[in-house]
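Dropping work_34.tsv in here (TSV, C-alpha atoms):
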```
chain	number	residue	atom	x	y	z
A	1	MET	CA	7.53	26.62	-17.17
A	2	MET	CA	6.84	23.15	-15.82
A	3	LYS	CA	5.17	21.98	-19.04
A	4	TYR	CA	8.27	22.98	-21.04
A	5	ARG	CA	10.51	21.02	-18.69
A	6	ILE	CA	8.29	17.97	-19.12
A	7	PHE	CA	8.35	18.43	-22.90
A	8	PHE	CA	12.15	18.63	-23.03
A	9	LEU	CA	12.45	15.65	-20.69
A	10	ILE	CA	10.26	13.57	-23.01
A	11	CYS	CA	12.34	14.68	-26.01
A	12	PHE	CA	15.55	13.77	-24.18
A	13	LEU	CA	14.27	10.32	-23.26
A	14	CYS	CA	13.15	9.72	-26.85
A	15	LEU	CA	16.58	10.77	-28.10
A	16	VAL	CA	18.36	8.44	-25.69
A	17	SER	CA	16.09	5.55	-26.70
A	18	TRP	CA	16.68	6.31	-30.38
A	19	MET	CA	20.47	6.45	-29.93
A	20	GLN	CA	20.41	3.04	-28.22
A	21	ALA	CA	18.23	1.46	-30.90
A	22	LYS	CA	19.68	-1.44	-32.86
A	23	THR	CA	19.15	-2.80	-36.33
A	24	TYR	CA	18.76	-6.56	-36.75
A	25	ILE	CA	19.26	-7.79	-40.31
A	26	VAL	CA	19.22	-11.17	-42.04
A	27	CYS	CA	20.78	-11.20	-45.53
A	28	VAL	CA	19.88	-14.07	-47.87
A	29	GLY	CA	21.40	-14.61	-51.32
A	30	VAL	CA	21.25	-17.58	-53.69
A	31	SER	CA	23.48	-17.85	-56.75
A	32	ASP	CA	24.17	-21.59	-56.77
A	33	TYR	CA	20.78	-23.28	-57.04
A	34	PRO	CA	20.53	-27.11	-57.21
A	35	GLY	CA	21.53	-28.17	-60.72
A	36	THR	CA	22.70	-25.55	-63.20
A	37	ASN	CA	19.59	-24.23	-64.95
A	38	MET	CA	18.77	-21.57	-62.35
A	39	ASP	CA	22.25	-20.42	-61.33
A	40	LEU	CA	22.90	-16.70	-60.99
A	41	ARG	CA	26.19	-14.84	-60.94
A	42	VAL	CA	26.05	-12.24	-58.16
A	43	SER	CA	23.15	-12.93	-55.76
A	44	ALA	CA	25.27	-14.55	-53.04
A	45	SER	CA	27.72	-11.66	-53.38
A	46	ASP	CA	24.81	-9.23	-53.04
A	47	ALA	CA	23.84	-10.68	-49.68
A	48	LYS	CA	27.44	-10.65	-48.45
A	49	THR	CA	27.83	-7.02	-49.53
A	50	ILE	CA	24.85	-5.81	-47.51
A	51	TYR	CA	25.82	-8.07	-44.60
A	52	LYS	CA	29.31	-6.52	-44.42
A	53	ILE	CA	27.90	-2.99	-44.29
A	54	PHE	CA	25.76	-3.74	-41.24
A	55	ARG	CA	28.32	-6.04	-39.61
A	56	LYS	CA	30.76	-3.13	-39.45
A	57	ASN	CA	28.11	-0.85	-37.98
A	58	GLY	CA	28.20	-0.65	-34.20
A	59	ASN	CA	24.43	-0.32	-33.95
A	60	SER	CA	23.63	-3.49	-35.91
A	61	VAL	CA	23.46	-7.27	-35.55
A	62	ALA	CA	23.77	-9.06	-38.90
A	63	VAL	CA	23.47	-12.64	-40.16
A	64	SER	CA	24.16	-13.90	-43.70
A	65	LEU	CA	22.77	-17.05	-45.38
A	66	THR	CA	23.96	-17.86	-48.89
A	67	ASP	CA	23.51	-20.66	-51.42
A	68	SER	CA	22.97	-24.08	-49.76
A	69	LEU	CA	22.58	-22.45	-46.33
A	70	ALA	CA	19.69	-20.36	-47.62
A	71	THR	CA	16.97	-22.96	-47.18
A	72	SER	CA	13.46	-22.01	-46.20
A	73	SER	CA	13.72	-23.79	-42.85
A	74	GLN	CA	17.06	-22.20	-41.98
A	75	MET	CA	15.75	-18.78	-42.96
A	76	SER	CA	12.69	-19.18	-40.74
A	77	LEU	CA	14.82	-20.36	-37.82
A	78	VAL	CA	17.27	-17.46	-38.09
A	79	LEU	CA	14.57	-14.83	-38.56
A	80	ASP	CA	12.64	-16.06	-35.54
A	81	SER	CA	15.74	-16.24	-33.38
A	82	LEU	CA	17.26	-12.90	-34.33
A	83	PHE	CA	14.16	-10.75	-34.68
A	84	SER	CA	12.77	-11.95	-31.35
A	85	LYS	CA	15.63	-10.03	-29.69
A	86	ALA	CA	14.39	-6.71	-31.10
A	87	LYS	CA	12.72	-4.13	-28.88
A	88	ALA	CA	10.09	-1.61	-29.92
A	89	GLU	CA	12.62	1.10	-30.76
A	90	ASP	CA	14.72	-1.22	-32.95
A	91	VAL	CA	14.54	-1.91	-36.70
A	92	VAL	CA	14.45	-5.39	-38.24
A	93	ILE	CA	15.47	-5.93	-41.86
A	94	PHE	CA	15.15	-8.91	-44.19
A	95	TYR	CA	17.26	-8.73	-47.37
A	96	PHE	CA	16.99	-11.19	-50.27
A	97	SER	CA	18.78	-11.52	-53.60
A	98	GLY	CA	18.00	-14.35	-55.99
A	99	HIS	CA	15.31	-15.58	-58.32
A	100	GLY	CA	11.81	-14.23	-57.93
A	101	PHE	CA	8.45	-15.07	-59.42
A	102	PRO	CA	5.15	-13.13	-59.50
A	103	GLY	CA	4.17	-14.11	-55.97
A	104	GLY	CA	7.34	-14.91	-54.08
A	105	LEU	CA	11.04	-15.73	-53.94
A	106	PHE	CA	13.05	-18.85	-54.74
A	107	PHE	CA	15.15	-19.98	-51.80
A	108	TYR	CA	17.76	-22.71	-52.25
A	109	ASP	CA	15.36	-25.58	-51.73
A	110	THR	CA	11.86	-24.26	-52.30
A	111	PRO	CA	9.83	-21.21	-53.36
A	112	ILE	CA	8.52	-19.00	-50.56
A	113	TYR	CA	5.47	-16.79	-50.97
A	114	TYR	CA	5.63	-13.18	-49.86
A	115	GLU	CA	2.96	-13.55	-47.18
A	116	GLN	CA	4.99	-16.35	-45.54
A	117	ILE	CA	7.94	-14.02	-45.11
A	118	PHE	CA	5.74	-11.22	-43.86
A	119	ASN	CA	4.03	-13.48	-41.32
A	120	ILE	CA	7.43	-14.40	-39.85
A	121	ILE	CA	8.65	-10.86	-39.32
A	122	LYS	CA	5.41	-9.14	-38.33
A	123	SER	CA	5.48	-10.84	-34.90
A	124	SER	CA	8.68	-8.98	-33.98
A	125	ASN	CA	8.36	-6.34	-31.25
A	126	ALA	CA	10.22	-3.83	-33.41
A	127	LEU	CA	7.90	-1.06	-34.51
A	128	ASN	CA	9.76	-0.62	-37.79
A	129	LYS	CA	10.33	-3.50	-40.19
A	130	VAL	CA	12.01	-3.47	-43.60
A	131	ILE	CA	12.06	-5.95	-46.48
A	132	PHE	CA	14.57	-5.56	-49.32
A	133	ALA	CA	13.97	-7.85	-52.30
A	134	ASP	CA	16.41	-7.86	-55.21
A	135	ALA	CA	14.61	-10.23	-57.55
A	136	CYS	CA	12.78	-10.21	-60.85
A	137	TYR	CA	9.11	-9.20	-60.61
A	138	SER	CA	9.56	-8.26	-56.93
A	139	GLY	CA	7.22	-5.30	-57.38
A	140	LYS	CA	4.40	-7.84	-57.52
A	141	MET	CA	4.67	-8.02	-53.73
A	142	ARG	CA	2.79	-4.77	-53.30
A	143	LYS	CA	-0.26	-6.20	-55.08
A	144	GLU	CA	-0.41	-9.87	-54.18
A	145	ASP	CA	0.08	-9.62	-50.43
A	146	VAL	CA	-2.45	-6.88	-49.84
A	147	LYS	CA	-5.12	-9.06	-51.41
A	148	LYS	CA	-4.17	-12.10	-49.36
A	149	ASP	CA	-3.36	-10.47	-46.02
A	150	GLN	CA	-4.89	-7.08	-45.27
A	151	SER	CA	-2.88	-6.88	-42.03
A	152	ILE	CA	0.12	-5.85	-44.12
A	153	THR	CA	-1.37	-2.39	-44.46
A	154	ASP	CA	-1.87	-2.21	-40.68
A	155	THR	CA	1.73	-2.97	-39.74
A	156	ASN	CA	4.81	-0.74	-39.95
A	157	VAL	CA	6.61	-2.48	-42.80
A	158	MET	CA	8.66	-0.80	-45.50
A	159	PHE	CA	9.05	-2.81	-48.69
A	160	PHE	CA	11.91	-1.75	-50.98
A	161	LEU	CA	11.73	-3.84	-54.13
A	162	SER	CA	14.25	-3.86	-56.96
A	163	SER	CA	11.79	-3.66	-59.85
A	164	ARG	CA	8.19	-3.18	-60.85
A	165	SER	CA	5.89	-6.19	-61.10
A	166	GLN	CA	6.51	-6.71	-64.83
A	167	GLU	CA	10.25	-5.93	-64.79
A	168	ARG	CA	13.33	-8.09	-64.48
A	169	SER	CA	16.16	-7.10	-62.13
A	170	SER	CA	19.53	-6.59	-63.79
A	171	GLU	CA	22.94	-7.95	-62.89
A	172	THR	CA	26.02	-5.84	-63.68
A	173	VAL	CA	29.61	-6.39	-64.76
A	174	PHE	CA	30.56	-5.80	-61.13
A	175	ASN	CA	30.06	-8.20	-58.20
A	176	ASN	CA	26.55	-6.97	-57.49
A	177	SER	CA	23.19	-6.58	-59.16
A	178	LEU	CA	22.16	-3.09	-60.20
A	179	PHE	CA	19.74	-2.55	-57.30
A	180	THR	CA	22.19	-3.78	-54.65
A	181	LEU	CA	25.03	-1.79	-56.21
A	182	TYR	CA	23.12	1.44	-55.57
A	183	LEU	CA	21.75	0.18	-52.26
A	184	GLU	CA	25.33	-0.34	-51.07
A	185	ARG	CA	26.39	3.12	-52.22
A	186	ALA	CA	23.37	4.63	-50.49
A	187	LEU	CA	23.96	2.85	-47.17
A	188	ARG	CA	27.66	3.74	-47.16
A	189	GLY	CA	26.76	7.42	-47.16
A	190	GLY	CA	25.82	8.31	-50.72
A	191	ALA	CA	22.21	8.90	-49.69
A	192	ASP	CA	23.09	11.03	-46.66
A	193	TYR	CA	22.05	14.25	-48.36
A	194	ASN	CA	21.93	16.37	-45.21
A	195	ARG	CA	25.16	14.88	-43.77
A	196	ASP	CA	23.69	13.95	-40.40
A	197	ARG	CA	25.15	10.40	-40.60
A	198	ILE	CA	21.66	8.90	-40.75
A	199	ILE	CA	20.21	7.27	-43.87
A	200	THR	CA	16.43	7.58	-43.81
A	201	ALA	CA	13.87	5.70	-45.88
A	202	ARG	CA	13.23	8.75	-48.06
A	203	GLU	CA	16.93	9.39	-48.67
A	204	LEU	CA	17.44	5.73	-49.51
A	205	TYR	CA	14.62	5.67	-52.04
A	206	ASP	CA	15.64	8.91	-53.75
A	207	PHE	CA	19.25	7.80	-54.21
A	208	VAL	CA	18.62	4.20	-55.28
A	209	HIS	CA	15.64	4.86	-57.53
A	210	GLN	CA	17.38	7.66	-59.39
A	211	GLY	CA	20.59	5.67	-59.84
A	212	VAL	CA	18.96	2.43	-61.00
A	213	GLU	CA	16.55	4.15	-63.37
A	214	LYS	CA	19.37	6.12	-64.99
A	215	GLU	CA	21.83	3.20	-65.19
A	216	SER	CA	19.22	0.85	-66.67
A	217	LEU	CA	18.17	3.47	-69.23
A	218	GLY	CA	14.67	3.44	-67.80
A	219	PHE	CA	14.13	-0.33	-67.96
A	220	GLN	CA	14.21	-0.94	-64.18
A	221	HIS	CA	12.39	1.04	-61.50
A	222	PRO	CA	12.81	0.21	-57.78
A	223	VAL	CA	9.56	0.40	-55.81
A	224	MET	CA	9.08	1.46	-52.18
A	225	TRP	CA	5.74	1.10	-50.44
A	226	GLY	CA	4.09	0.15	-47.15
A	227	LYS	CA	3.09	1.83	-43.91
A	228	PHE	CA	6.16	3.59	-42.52
A	229	ASP	CA	7.60	6.98	-41.60
A	230	SER	CA	9.65	8.36	-44.50
A	231	ASN	CA	12.11	9.68	-41.89
A	232	MET	CA	12.62	6.21	-40.41
A	233	PRO	CA	16.37	5.64	-39.94
A	234	ILE	CA	17.61	2.63	-41.92
A	235	ILE	CA	21.21	2.89	-40.76
A	236	LYS	CA	23.09	5.28	-38.44
A	237	TRP	CA	26.84	5.93	-38.46
```

Entire entry expressed as structure tokens:
Amino acid sequence: MMKYRIFFLICFLCLVSWMQAKTYIVCVGVSDYPGTNMDLRVSASDAKTIYKIFRKNGNSVAVSLTDSLATSSQMSLVLDSLFSKAKAEDVVIFYFSGHGFPGGLFFYDTPIYYEQIFNIIKSSNALNKVIFADACYSGKMRKEDVKKDQSITDTNVMFFLSSRSQERSSETVFNNSLFTLYLERALRGGADYNRDRIITARELYDFVHQGVEKESLGFQHPVMWGKFDSNMPIIKW
């Protein structure tokens, strides 16, 4: 009898800890690059869209950096400051929408390689870390970084990337790119298949991947990979 009481006590404490867990998210989007040659239409709006979802969530702390505010130095400063507040039971998320290249992302002022972003967030105490990248060729992240930094495979990081390594990421006639359009719908409850008010990594992938693949007529395929629990909660309502 005693061992069952101990078991239920441990389960209760885990549940309380889980219910008190927070999500810390930094949303970066660049539409207005210096000059005019690289400008995009919806990337800043993408970041604001995801930011608003988490800002309205009582379990989350969200920060948004768009256009000229989305410099590499400002991003590093905000990530360090915000993610250092996270505890083990929390989740930290980095979201980016903008130009990508086969090896990294273009911030407002300079390109940033994937391993630089990973090295910033992996020091967080949060056991679960998430990177969303809505950028062309973002799927390249799953190949390049493993070669350069094997510690990626030893850390709980979920990468959810808008396209495969050879694919471009599509904008839409709406105010968001195709990947972020379905990501928003998923996070707002569309992916809550079992109606428990929790969107897990698996639910998120199933909803977004199916929607983007169908809408793009098979030309864009979101990619999820990394070391993480498929039942990891991404957002709770």

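With CA of Glu171 in chain A on one side and CA of Val42 in chain A on the other, the separation reads 7.1 Å.
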
| Which of these, A:Leu40, A:Leu217, A:Leu127, A:Ala47, has the shortest distance to Ala88 in chain A once you count all atoms listed in the file? |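 Using all atoms listed in the file, Ala88 in chain A sits closest to A:Leu127.
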
| Given all atoms listed in the file as the counted atoms, nearest of A:Lys85, A:Arg168, A:Arg195, A:Arg185 to Ser216 in chain A |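 Smallest separation from Ser216 in chain A among the options: A:Arg168.
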
| request: State, in Å with one decimal place, the distance from CA of Val223 in chain A to CA of Leu77 in chain A. | output: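 One can read the CA of Val223 in chain A to CA of Leu77 in chain A distance as 28.0 Å.
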
| message | Taking all atoms listed in the file into account, name the residue in A:Trp237, A:Asp39, A:Ser230, A:Ser163 that is nearest to Lys56 in chain A. | response |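 Residue with the minimum atom-to-atom distance to Lys56 in chain A: A:Trp237.
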
| query | Leaving out Leu178 in chain A and any residue of its chain fewer than 6 positions from it, which residues lie within 10 Å of it when counting all atoms listed in the file, given as a ChimeraX atom specification? | reply | /A:46,134,162,169-172,208,211-213,215-216,220

| Among listed residues A:Val157, A:Val26, A:Cys136, A:Leu82, nearest Pro102 in chain A (using all atoms listed in the file) |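 For Pro102 in chain A, the nearest of the given residues is A:Cys136.
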
| query | What's the 10 Å shell around Arg41 in chain A, counting only C-alpha atoms, without same-chain residues fewer than 5 positions away, as number ranges by chain? | reply | A: 30-32, 46, 98, 171-173, 175-177

| Residue with smallest distance to Ser60 in chain A - pool A:Lys122, A:Arg188, A:Lys129, A:Lys22, counting only C-alpha atoms |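 Answer, going by the shortest atom-to-atom distance: A:Lys22.
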
| Nearest to Thr110 in chain A among A:Ser72, A:Ser84, A:Ser138, A:Ser123, with distances taken over all atoms listed in the file: which residue is it? |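 That would be A:Ser72, the residue with the smallest distance to Thr110 in chain A.
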
| Coordinates-based distance that separates CA of Glu184 in chain A from CA of Thr49 in chain A (Å, one decimal) | 7.3 Å

| said: Give me the residues near Ala62 in chain A as a VMD selection string, where near means some atom within 10 Å (using all atoms listed in the file) and where sequence neighbours in that chain fewer than 6 positions away do not count. | reply: chain A and resid 23 to 27 50 to 56 82 93

| said: Taking (12.0, -17.4, -57.6) in the coordinates of the supplied file, I want to know which residues reach to within 9 Å of it, counting only C-alpha atoms; could you give the answer as a list in words? | reply: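 Applying the cut-off with only C-alpha atoms, one gets Gly98, His99, Gly100, Phe101, Pro102, Gly103, Gly104, Leu105, Phe106, Phe107, Thr110, Pro111, Ile112, Ala135 and Cys136 of chain A.
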
| field | Shell around Gly189 in chain A at 12 Å using only C-alpha atoms, local window under 5 positions removed, as a VMD selection string | value | chain A and resid 53 182 to 184 194 to 200 203 to 204 207 to 208 234 to 237

Taking every listed atom of range 73-87 of chain A and adding 4 Å to each side, what centre and edge lengths in Å (one decimal) does the axis-aligned box have, as lines of an AutoDock Vina configuration file?
```
center_x = 15.0
center_y = -14.0
center_z = -35.9
size_x = 12.6
size_y = 27.7
size_z = 22.1
```

| message | Show me, as JSON, numbers by chain, the residues that have an atom within 9 Å of Ala70 in chain A when counting all atoms listed in the file, minus same-chain residues fewer than 6 positions from it. | response | {"A": [28, 29, 30, 64, 107, 108, 109]}

Resulting file, chosen residues, C-alpha atoms, as an mmCIF file, keeping the file's coordinate frame:
```cif
data_model
loop_
_atom_site.group_PDB
_atom_site.id
_atom_site.type_symbol
_atom_site.label_atom_id
_atom_site.label_comp_id
_atom_site.auth_asym_id
_atom_site.auth_seq_id
_atom_site.Cartn_x
_atom_site.Cartn_y
_atom_site.Cartn_z
ATOM 1 C CA VAL A 28 19.880 -14.070 -47.870
ATOM 2 C CA GLY A 29 21.400 -14.610 -51.320
ATOM 3 C CA VAL A 30 21.250 -17.580 -53.690
ATOM 4 C CA SER A 64 24.160 -13.900 -43.700
ATOM 5 C CA PHE A 107 15.150 -19.980 -51.800
ATOM 6 C CA TYR A 108 17.760 -22.710 -52.250
ATOM 7 C CA ASP A 109 15.360 -25.580 -51.730
#
```
